[in-house]
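Source file model01.pdb; content: PDB, C-alpha atoms.
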```pdb
ATOM      1  CA  MET H   1    -165.406 219.265 -30.382  1.00  0.00           C
ATOM      2  CA  GLN H   2    -162.372 218.992 -32.623  1.00  0.00           C
ATOM      3  CA  THR H   3    -161.612 216.127 -34.964  1.00  0.00           C
ATOM      4  CA  LEU H   4    -158.235 214.490 -35.418  1.00  0.00           C
ATOM      5  CA  PRO H   5    -157.822 212.105 -38.351  1.00  0.00           C
ATOM      6  CA  ILE H   6    -154.791 209.848 -38.039  1.00  0.00           C
ATOM      7  CA  ARG H   7    -153.212 207.030 -39.995  1.00  0.00           C
ATOM      8  CA  LEU H   8    -151.221 204.444 -38.101  1.00  0.00           C
ATOM      9  CA  SER H   9    -148.341 202.637 -39.776  1.00  0.00           C
ATOM     10  CA  PRO H  10    -147.210 199.008 -39.819  1.00  0.00           C
ATOM     11  CA  GLY H  11    -145.817 197.872 -36.474  1.00  0.00           C
ATOM     12  CA  GLN H  12    -147.556 200.454 -34.296  1.00  0.00           C
ATOM     13  CA  ASP H  13    -149.540 199.349 -31.243  1.00  0.00           C
ATOM     14  CA  LEU H  14    -153.102 200.500 -31.963  1.00  0.00           C
ATOM     15  CA  ARG H  15    -154.151 201.307 -28.402  1.00  0.00           C
ATOM     16  CA  GLN H  16    -150.868 202.986 -27.437  1.00  0.00           C
ATOM     17  CA  ALA H  17    -150.802 205.080 -30.623  1.00  0.00           C
ATOM     18  CA  LEU H  18    -154.346 206.359 -30.032  1.00  0.00           C
ATOM     19  CA  GLU H  19    -153.557 207.266 -26.430  1.00  0.00           C
ATOM     20  CA  ASP H  20    -150.341 209.011 -27.553  1.00  0.00           C
ATOM     21  CA  ALA H  21    -152.270 210.988 -30.193  1.00  0.00           C
ATOM     22  CA  VAL H  22    -154.741 212.289 -27.607  1.00  0.00           C
ATOM     23  CA  ARG H  23    -151.945 213.120 -25.155  1.00  0.00           C
ATOM     24  CA  SER H  24    -150.004 214.985 -27.878  1.00  0.00           C
ATOM     25  CA  GLN H  25    -153.003 217.306 -28.303  1.00  0.00           C
ATOM     26  CA  ASN H  26    -153.018 218.152 -24.556  1.00  0.00           C
ATOM     27  CA  CYS H  27    -156.508 216.734 -24.418  1.00  0.00           C
ATOM     28  CA  ARG H  28    -158.067 214.890 -21.451  1.00  0.00           C
ATOM     29  CA  ALA H  29    -161.101 213.419 -23.212  1.00  0.00           C
ATOM     30  CA  ALA H  30    -161.644 211.900 -26.642  1.00  0.00           C
ATOM     31  CA  PHE H  31    -163.599 209.211 -28.378  1.00  0.00           C
ATOM     32  CA  VAL H  32    -163.236 207.211 -31.564  1.00  0.00           C
ATOM     33  CA  LEU H  33    -165.688 208.217 -34.289  1.00  0.00           C
ATOM     34  CA  SER H  34    -164.480 205.646 -36.805  1.00  0.00           C
ATOM     35  CA  GLY H  35    -161.697 203.129 -37.230  1.00  0.00           C
ATOM     36  CA  ILE H  36    -160.757 200.596 -39.909  1.00  0.00           C
ATOM     37  CA  GLY H  37    -157.550 198.876 -40.951  1.00  0.00           C
ATOM     38  CA  SER H  38    -155.617 195.663 -40.486  1.00  0.00           C
ATOM     39  CA  LEU H  39    -153.694 193.954 -37.704  1.00  0.00           C
ATOM     40  CA  SER H  40    -151.014 191.268 -37.641  1.00  0.00           C
ATOM     41  CA  THR H  41    -151.596 190.526 -33.965  1.00  0.00           C
ATOM     42  CA  ALA H  42    -154.698 191.350 -31.946  1.00  0.00           C
ATOM     43  CA  GLY H  43    -155.809 191.075 -28.365  1.00  0.00           C
ATOM     44  CA  LEU H  44    -159.520 191.020 -27.555  1.00  0.00           C
ATOM     45  CA  ARG H  45    -161.082 190.456 -24.162  1.00  0.00           C
ATOM     46  CA  PHE H  46    -164.445 188.825 -24.652  1.00  0.00           C
ATOM     47  CA  ALA H  47    -167.464 189.566 -22.442  1.00  0.00           C
ATOM     48  CA  GLY H  48    -167.034 188.136 -18.946  1.00  0.00           C
ATOM     49  CA  ALA H  49    -163.461 186.957 -19.559  1.00  0.00           C
ATOM     50  CA  ASP H  50    -160.607 187.914 -17.224  1.00  0.00           C
ATOM     51  CA  GLN H  51    -157.845 187.719 -19.836  1.00  0.00           C
ATOM     52  CA  PRO H  52    -157.706 188.719 -23.493  1.00  0.00           C
ATOM     53  CA  GLN H  53    -157.477 186.207 -26.325  1.00  0.00           C
ATOM     54  CA  ARG H  54    -154.395 186.669 -28.492  1.00  0.00           C
ATOM     55  CA  LEU H  55    -155.033 186.366 -32.246  1.00  0.00           C
ATOM     56  CA  VAL H  56    -151.974 185.954 -34.468  1.00  0.00           C
ATOM     57  CA  GLY H  57    -152.387 186.313 -38.215  1.00  0.00           C
ATOM     58  CA  ASP H  58    -153.976 188.734 -40.627  1.00  0.00           C
ATOM     59  CA  THR H  59    -157.162 190.366 -39.371  1.00  0.00           C
ATOM     60  CA  GLU H  60    -159.234 193.284 -40.636  1.00  0.00           C
ATOM     61  CA  ILE H  61    -160.626 195.948 -38.313  1.00  0.00           C
ATOM     62  CA  LEU H  62    -164.296 196.177 -39.251  1.00  0.00           C
ATOM     63  CA  SER H  63    -165.126 198.760 -36.610  1.00  0.00           C
ATOM     64  CA  LEU H  64    -163.446 200.484 -33.694  1.00  0.00           C
ATOM     65  CA  SER H  65    -165.145 202.633 -31.078  1.00  0.00           C
ATOM     66  CA  GLY H  66    -164.694 203.821 -27.517  1.00  0.00           C
ATOM     67  CA  SER H  67    -163.331 206.524 -25.263  1.00  0.00           C
ATOM     68  CA  ILE H  68    -159.826 207.665 -24.367  1.00  0.00           C
ATOM     69  CA  ALA H  69    -158.993 209.470 -21.130  1.00  0.00           C
ATOM     70  CA  PHE H  70    -155.800 211.243 -20.107  1.00  0.00           C
ATOM     71  CA  ASP H  71    -155.569 212.496 -16.533  1.00  0.00           C
ATOM     72  CA  GLY H  72    -152.258 214.331 -16.904  1.00  0.00           C
ATOM     73  CA  GLN H  73    -150.258 211.348 -15.658  1.00  0.00           C
ATOM     74  CA  ARG H  74    -151.598 208.319 -17.486  1.00  0.00           C
ATOM     75  CA  SER H  75    -153.923 207.367 -20.296  1.00  0.00           C
ATOM     76  CA  SER H  76    -156.818 204.984 -20.041  1.00  0.00           C
ATOM     77  CA  SER H  77    -158.938 203.683 -22.837  1.00  0.00           C
ATOM     78  CA  HIS H  78    -162.162 201.771 -23.119  1.00  0.00           C
ATOM     79  CA  LEU H  79    -162.143 200.572 -26.696  1.00  0.00           C
ATOM     80  CA  HIS H  80    -164.183 197.918 -28.466  1.00  0.00           C
ATOM     81  CA  MET H  81    -163.382 196.417 -31.840  1.00  0.00           C
ATOM     82  CA  ALA H  82    -164.914 194.012 -34.344  1.00  0.00           C
ATOM     83  CA  LEU H  83    -162.373 192.000 -36.347  1.00  0.00           C
ATOM     84  CA  SER H  84    -162.599 189.668 -39.312  1.00  0.00           C
ATOM     85  CA  THR H  85    -160.105 186.818 -39.554  1.00  0.00           C
ATOM     86  CA  ALA H  86    -158.563 185.535 -42.783  1.00  0.00           C
ATOM     87  CA  THR H  87    -161.383 182.959 -42.960  1.00  0.00           C
ATOM     88  CA  GLY H  88    -164.094 185.603 -42.549  1.00  0.00           C
ATOM     89  CA  ALA H  89    -164.973 184.784 -38.956  1.00  0.00           C
ATOM     90  CA  VAL H  90    -165.977 187.892 -37.024  1.00  0.00           C
ATOM     91  CA  LEU H  91    -164.937 188.423 -33.411  1.00  0.00           C
ATOM     92  CA  GLY H  92    -165.389 191.400 -31.136  1.00  0.00           C
ATOM     93  CA  GLY H  93    -164.588 192.602 -27.664  1.00  0.00           C
ATOM     94  CA  HIS H  94    -162.492 194.949 -25.546  1.00  0.00           C
ATOM     95  CA  VAL H  95    -159.249 196.061 -27.218  1.00  0.00           C
ATOM     96  CA  ALA H  96    -156.219 194.872 -25.259  1.00  0.00           C
ATOM     97  CA  ALA H  97    -152.653 196.126 -25.519  1.00  0.00           C
ATOM     98  CA  GLY H  98    -150.584 194.501 -28.241  1.00  0.00           C
ATOM     99  CA  CYS H  99    -152.854 195.021 -31.248  1.00  0.00           C
ATOM    100  CA  ILE H 100    -150.198 195.579 -33.900  1.00  0.00           C
ATOM    101  CA  VAL H 101    -151.006 197.354 -37.164  1.00  0.00           C
ATOM    102  CA  ARG H 102    -150.313 195.199 -40.238  1.00  0.00           C
ATOM    103  CA  THR H 103    -150.666 197.638 -43.168  1.00  0.00           C
ATOM    104  CA  THR H 104    -152.638 200.613 -41.895  1.00  0.00           C
ATOM    105  CA  ALA H 105    -155.205 201.817 -39.404  1.00  0.00           C
ATOM    106  CA  GLU H 106    -157.290 204.848 -40.316  1.00  0.00           C
ATOM    107  CA  VAL H 107    -158.906 206.398 -37.277  1.00  0.00           C
ATOM    108  CA  LEU H 108    -160.970 209.529 -36.762  1.00  0.00           C
ATOM    109  CA  LEU H 109    -160.830 210.840 -33.206  1.00  0.00           C
ATOM    110  CA  ALA H 110    -163.131 213.405 -31.625  1.00  0.00           C
ATOM    111  CA  LEU H 111    -161.240 215.566 -29.125  1.00  0.00           C
ATOM    112  CA  LEU H 112    -163.261 217.181 -26.343  1.00  0.00           C
ATOM    113  CA  PRO H 113    -161.051 220.007 -24.987  1.00  0.00           C
ATOM    114  CA  GLU H 114    -163.717 221.258 -22.557  1.00  0.00           C
ATOM    115  CA  TRP H 115    -164.082 217.888 -20.876  1.00  0.00           C
ATOM    116  CA  GLU H 116    -162.116 215.463 -18.738  1.00  0.00           C
ATOM    117  CA  PHE H 117    -162.681 211.716 -18.673  1.00  0.00           C
ATOM    118  CA  ALA H 118    -161.473 209.630 -15.751  1.00  0.00           C
ATOM    119  CA  ARG H 119    -161.906 206.029 -14.634  1.00  0.00           C
ATOM    120  CA  GLU H 120    -162.937 205.575 -11.026  1.00  0.00           C
ATOM    121  CA  PRO H 121    -164.184 202.610  -8.993  1.00  0.00           C
ATOM    122  CA  ASP H 122    -167.936 202.123  -9.184  1.00  0.00           C
ATOM    123  CA  ALA H 123    -169.487 200.267  -6.234  1.00  0.00           C
ATOM    124  CA  ALA H 124    -172.470 199.151  -8.316  1.00  0.00           C
ATOM    125  CA  THR H 125    -170.417 197.404 -11.022  1.00  0.00           C
ATOM    126  CA  GLY H 126    -167.177 196.593  -9.212  1.00  0.00           C
ATOM    127  CA  TYR H 127    -165.178 198.061 -12.113  1.00  0.00           C
ATOM    128  CA  ASP H 128    -163.448 201.340 -12.844  1.00  0.00           C
ATOM    129  CA  GLU H 129    -166.098 203.230 -14.816  1.00  0.00           C
ATOM    130  CA  LEU H 130    -166.147 206.426 -16.843  1.00  0.00           C
ATOM    131  CA  VAL H 131    -166.530 209.709 -14.954  1.00  0.00           C
ATOM    132  CA  VAL H 132    -167.199 212.798 -17.081  1.00  0.00           C
ATOM    133  CA  ARG H 133    -166.307 216.277 -15.827  1.00  0.00           C
ATOM    134  CA  ARG H 134    -166.421 219.697 -17.467  1.00  0.00           C
ATOM    135  CA  LEU H 135    -163.046 221.404 -17.035  1.00  0.00           C
ATOM    136  CA  SER H 136    -163.126 224.564 -14.941  1.00  0.00           C
ATOM    137  CA  GLY H 137    -163.240 227.728 -16.994  1.00  0.00           C
ATOM    138  CA  HIS H 138    -165.484 226.157 -19.626  1.00  0.00           C
ATOM    139  CA  GLN H 139    -169.130 227.174 -19.457  1.00  0.00           C
ATOM    140  CA  LYS H 140    -172.123 225.599 -21.168  1.00  0.00           C
TER     141      LYS H 140
END
```

Will you turn the file into structure tokens for me?
Amino acid sequence: MQTLPIRLSPGQDLRQALEDAVRSQNCRAAFVLSGIGSLSTAGLRFAGADQPQRLVGDTEILSLSGSIAFDGQRSSSHLHMALSTATGAVLGGHVAAGCIVRTTAEVLLALLPEWEFAREPDAATGYDELVVRRLSGHQK
């Protein structure tokens, strides 16, 4: 495992920036160890919902976690985040595209160069679920 600390700047899309960071390291599997910061716009998909809720206004990232996969062609993430609004209300759910950094986001990624994450249909859940594979040439 390798770690990659990054700081995102105002205006960056949180999800896209994390996927780009993993891709730039030629890595196919990573996960978020820690993430804090602030957003000006957020998108969270709550449990059981089909569409994300859009939150506009200052929010604080209280925690960020999840996995990031890159299959050589496209990235896919499964990220969850807890946010605090300007009134102190706390919301959490799946991170959608369009979460825009307000002042900063400080994220520590764990890169797994010996592994590949993919998302494939799972008959039991009806969703694309995580598939973990050891890359060829890497032994235990």

Which of these, H:Gln51, H:Ser9, H:Asn26, H:Ser65, has the shortest distance to Glu114 of chain H once you count all atoms listed in the file?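 Closest to Glu114 of chain H, using all atoms listed in the file: H:Asn26.
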
Got a sec to resolve the PyMOL selection byres ((chain H and resi 19) around 10) on this structure and send the residues as a list in words? Leu14, Arg15, Gln16, Ala17, Leu18, Asp20, Ala21, Val22, Arg23, Ser24, Ala30, Ser67, Ile68, Ala69, Phe70, Arg74, Ser75, Ser76 and Ser77 of chain H

Using all atoms listed in the file, which residue out of H:Asp128, H:His80, H:Ala89, H:Ser136 lies closest to Ser34 of chain H? H:His80

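Every residue that the PyMOL selection byres ((chain H and resi 88) around 12) selects in this file is listed here: Asp58, Thr59, Glu60, Ile61, Leu62, Ala82, Leu83, Ser84, Thr85, Ala86, Thr87, Ala89, Val90 and Leu91 of chain H.
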
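Going from atom CA of Asp13 of chain H to atom CA of Thr103 of chain H covers 12.1 Å.
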
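Take the PyMOL selection byres ((chain H and resi 96) around 6) and apply it to this file: it picks Gly43, Leu44, Val95 and Ala97 of chain H.
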
Which residue gives the smallest distance to Leu39 of chain H among H:Leu4, H:Leu111, H:Ile100, H:Val56, with all atoms listed in the file counted?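 The shortest atom-to-atom distance to Leu39 of chain H comes from H:Ile100.
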
Atomic distance atom CA of Ser38 of chain H - atom CA of Leu55 of chain H, expressed in Å with one decimal: 12.4 Å

Choose the residue, out of H:Val32, H:Val131, H:Cys99, H:Ile6, that has the smallest atom-to-atom separation from Phe117 of chain H; count only C-alpha atoms.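 Distance minimum relative to Phe117 of chain H lands on H:Val131.
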
Edge lengths and centre in Å to one decimal, as lines of an AutoDock Vina configuration file, is what I'm after for the box along x, y and z that holds all listed atoms of segment 98-113 of chain H once 4 Å is added on each side.
```
center_x = -156.7
center_y = 207.3
center_z = -34.1
size_x = 21.1
size_y = 33.5
size_z = 26.2
```

Any idea what the distance is between atom CA of Trp115 of chain H and atom CA of Met1 of chain H?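 If I compute the distance from atom CA of Trp115 of chain H to atom CA of Met1 of chain H, I get 9.7 Å.
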
Do a neighbour search on Gln2 of chain H at 8 Å with all atoms listed in the file, toss out local chain neighbours closer than 4 positions, and write the hits as a ChimeraX atom specification. /H:110-113

Using the atoms already present, construct all heavy atoms for segment 12-23 of chain H and hand them back as a PDB file, in the coordinates of the input.
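Output file selection_37.pdb follows:
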```pdb
ATOM      1  N   GLN H  12    -147.111 199.665 -35.441  1.00  0.00           N
ATOM      2  CA  GLN H  12    -147.556 200.454 -34.296  1.00  0.00           C
ATOM      3  C   GLN H  12    -148.578 199.684 -33.468  1.00  0.00           C
ATOM      4  O   GLN H  12    -149.374 198.911 -34.003  1.00  0.00           O
ATOM      5  CB  GLN H  12    -148.181 201.778 -34.748  1.00  0.00           C
ATOM      6  CG  GLN H  12    -147.169 202.801 -35.229  1.00  0.00           C
ATOM      7  CD  GLN H  12    -147.834 204.148 -35.484  1.00  0.00           C
ATOM      8  OE1 GLN H  12    -148.450 204.340 -36.523  1.00  0.00           O
ATOM      9  NE2 GLN H  12    -147.713 205.052 -34.525  1.00  0.00           N
ATOM     10  N   ASP H  13    -148.544 199.906 -32.152  1.00  0.00           N
ATOM     11  CA  ASP H  13    -149.540 199.349 -31.243  1.00  0.00           C
ATOM     12  C   ASP H  13    -150.765 200.262 -31.301  1.00  0.00           C
ATOM     13  O   ASP H  13    -150.673 201.449 -30.982  1.00  0.00           O
ATOM     14  CB  ASP H  13    -148.976 199.286 -29.825  1.00  0.00           C
ATOM     15  CG  ASP H  13    -149.948 198.665 -28.837  1.00  0.00           C
ATOM     16  OD1 ASP H  13    -150.997 199.300 -28.569  1.00  0.00           O
ATOM     17  OD2 ASP H  13    -149.667 197.576 -28.332  1.00  0.00           O
ATOM     18  N   LEU H  14    -151.885 199.721 -31.738  1.00  0.00           N
ATOM     19  CA  LEU H  14    -153.102 200.500 -31.963  1.00  0.00           C
ATOM     20  C   LEU H  14    -153.508 201.307 -30.736  1.00  0.00           C
ATOM     21  O   LEU H  14    -153.671 202.530 -30.798  1.00  0.00           O
ATOM     22  CB  LEU H  14    -154.237 199.560 -32.382  1.00  0.00           C
ATOM     23  CG  LEU H  14    -155.612 200.181 -32.584  1.00  0.00           C
ATOM     24  CD1 LEU H  14    -155.642 201.016 -33.847  1.00  0.00           C
ATOM     25  CD2 LEU H  14    -156.677 199.098 -32.635  1.00  0.00           C
ATOM     26  N   ARG H  15    -153.680 200.646 -29.625  1.00  0.00           N
ATOM     27  CA  ARG H  15    -154.151 201.307 -28.402  1.00  0.00           C
ATOM     28  C   ARG H  15    -153.163 202.383 -27.943  1.00  0.00           C
ATOM     29  O   ARG H  15    -153.551 203.499 -27.628  1.00  0.00           O
ATOM     30  CB  ARG H  15    -154.367 200.241 -27.330  1.00  0.00           C
ATOM     31  CG  ARG H  15    -154.962 200.752 -26.066  1.00  0.00           C
ATOM     32  CD  ARG H  15    -155.145 199.584 -25.082  1.00  0.00           C
ATOM     33  NE  ARG H  15    -155.551 200.079 -23.809  1.00  0.00           N
ATOM     34  CZ  ARG H  15    -156.644 199.699 -23.189  1.00  0.00           C
ATOM     35  NH1 ARG H  15    -157.439 198.802 -23.729  1.00  0.00           N
ATOM     36  NH2 ARG H  15    -156.947 200.195 -22.018  1.00  0.00           N
ATOM     37  N   GLN H  16    -151.887 202.032 -27.893  1.00  0.00           N
ATOM     38  CA  GLN H  16    -150.868 202.986 -27.437  1.00  0.00           C
ATOM     39  C   GLN H  16    -150.796 204.202 -28.355  1.00  0.00           C
ATOM     40  O   GLN H  16    -150.681 205.336 -27.896  1.00  0.00           O
ATOM     41  CB  GLN H  16    -149.499 202.302 -27.355  1.00  0.00           C
ATOM     42  CG  GLN H  16    -148.419 203.194 -26.765  1.00  0.00           C
ATOM     43  CD  GLN H  16    -148.697 203.556 -25.321  1.00  0.00           C
ATOM     44  OE1 GLN H  16    -148.918 202.671 -24.506  1.00  0.00           O
ATOM     45  NE2 GLN H  16    -148.701 204.827 -24.996  1.00  0.00           N
ATOM     46  N   ALA H  17    -150.878 203.978 -29.667  1.00  0.00           N
ATOM     47  CA  ALA H  17    -150.802 205.080 -30.623  1.00  0.00           C
ATOM     48  C   ALA H  17    -151.988 206.039 -30.470  1.00  0.00           C
ATOM     49  O   ALA H  17    -151.826 207.255 -30.574  1.00  0.00           O
ATOM     50  CB  ALA H  17    -150.728 204.547 -32.047  1.00  0.00           C
ATOM     51  N   LEU H  18    -153.175 205.503 -30.224  1.00  0.00           N
ATOM     52  CA  LEU H  18    -154.346 206.359 -30.032  1.00  0.00           C
ATOM     53  C   LEU H  18    -154.216 207.176 -28.753  1.00  0.00           C
ATOM     54  O   LEU H  18    -154.510 208.379 -28.732  1.00  0.00           O
ATOM     55  CB  LEU H  18    -155.626 205.537 -30.020  1.00  0.00           C
ATOM     56  CG  LEU H  18    -155.964 204.817 -31.321  1.00  0.00           C
ATOM     57  CD1 LEU H  18    -157.249 204.014 -31.162  1.00  0.00           C
ATOM     58  CD2 LEU H  18    -156.056 205.780 -32.489  1.00  0.00           C
ATOM     59  N   GLU H  19    -153.766 206.539 -27.683  1.00  0.00           N
ATOM     60  CA  GLU H  19    -153.557 207.266 -26.430  1.00  0.00           C
ATOM     61  C   GLU H  19    -152.485 208.346 -26.596  1.00  0.00           C
ATOM     62  O   GLU H  19    -152.643 209.464 -26.106  1.00  0.00           O
ATOM     63  CB  GLU H  19    -153.197 206.293 -25.309  1.00  0.00           C
ATOM     64  CG  GLU H  19    -154.362 205.409 -24.916  1.00  0.00           C
ATOM     65  CD  GLU H  19    -154.002 204.324 -23.908  1.00  0.00           C
ATOM     66  OE1 GLU H  19    -152.795 204.123 -23.623  1.00  0.00           O
ATOM     67  OE2 GLU H  19    -154.934 203.682 -23.397  1.00  0.00           O
ATOM     68  N   ASP H  20    -151.401 208.027 -27.307  1.00  0.00           N
ATOM     69  CA  ASP H  20    -150.341 209.011 -27.553  1.00  0.00           C
ATOM     70  C   ASP H  20    -150.858 210.183 -28.375  1.00  0.00           C
ATOM     71  O   ASP H  20    -150.482 211.338 -28.128  1.00  0.00           O
ATOM     72  CB  ASP H  20    -149.164 208.362 -28.273  1.00  0.00           C
ATOM     73  CG  ASP H  20    -148.372 207.398 -27.390  1.00  0.00           C
ATOM     74  OD1 ASP H  20    -148.575 207.390 -26.153  1.00  0.00           O
ATOM     75  OD2 ASP H  20    -147.556 206.638 -27.952  1.00  0.00           O
ATOM     76  N   ALA H  21    -151.718 209.915 -29.353  1.00  0.00           N
ATOM     77  CA  ALA H  21    -152.270 210.988 -30.193  1.00  0.00           C
ATOM     78  C   ALA H  21    -153.106 211.948 -29.362  1.00  0.00           C
ATOM     79  O   ALA H  21    -153.003 213.176 -29.530  1.00  0.00           O
ATOM     80  CB  ALA H  21    -153.112 210.397 -31.327  1.00  0.00           C
ATOM     81  N   VAL H  22    -153.925 211.425 -28.469  1.00  0.00           N
ATOM     82  CA  VAL H  22    -154.741 212.289 -27.607  1.00  0.00           C
ATOM     83  C   VAL H  22    -153.848 213.094 -26.673  1.00  0.00           C
ATOM     84  O   VAL H  22    -154.005 214.309 -26.524  1.00  0.00           O
ATOM     85  CB  VAL H  22    -155.773 211.455 -26.817  1.00  0.00           C
ATOM     86  CG1 VAL H  22    -156.481 212.302 -25.775  1.00  0.00           C
ATOM     87  CG2 VAL H  22    -156.787 210.840 -27.781  1.00  0.00           C
ATOM     88  N   ARG H  23    -152.878 212.431 -26.061  1.00  0.00           N
ATOM     89  CA  ARG H  23    -151.945 213.120 -25.155  1.00  0.00           C
ATOM     90  C   ARG H  23    -151.183 214.228 -25.878  1.00  0.00           C
ATOM     91  O   ARG H  23    -150.978 215.309 -25.336  1.00  0.00           O
ATOM     92  CB  ARG H  23    -150.987 212.106 -24.531  1.00  0.00           C
ATOM     93  CG  ARG H  23    -150.094 212.701 -23.478  1.00  0.00           C
ATOM     94  CD  ARG H  23    -149.205 211.702 -22.727  1.00  0.00           C
ATOM     95  NE  ARG H  23    -148.857 210.503 -23.459  1.00  0.00           N
ATOM     96  CZ  ARG H  23    -149.345 209.300 -23.186  1.00  0.00           C
ATOM     97  NH1 ARG H  23    -150.206 209.116 -22.223  1.00  0.00           N
ATOM     98  NH2 ARG H  23    -148.954 208.250 -23.899  1.00  0.00           N
TER      99      ARG H  23
END
```
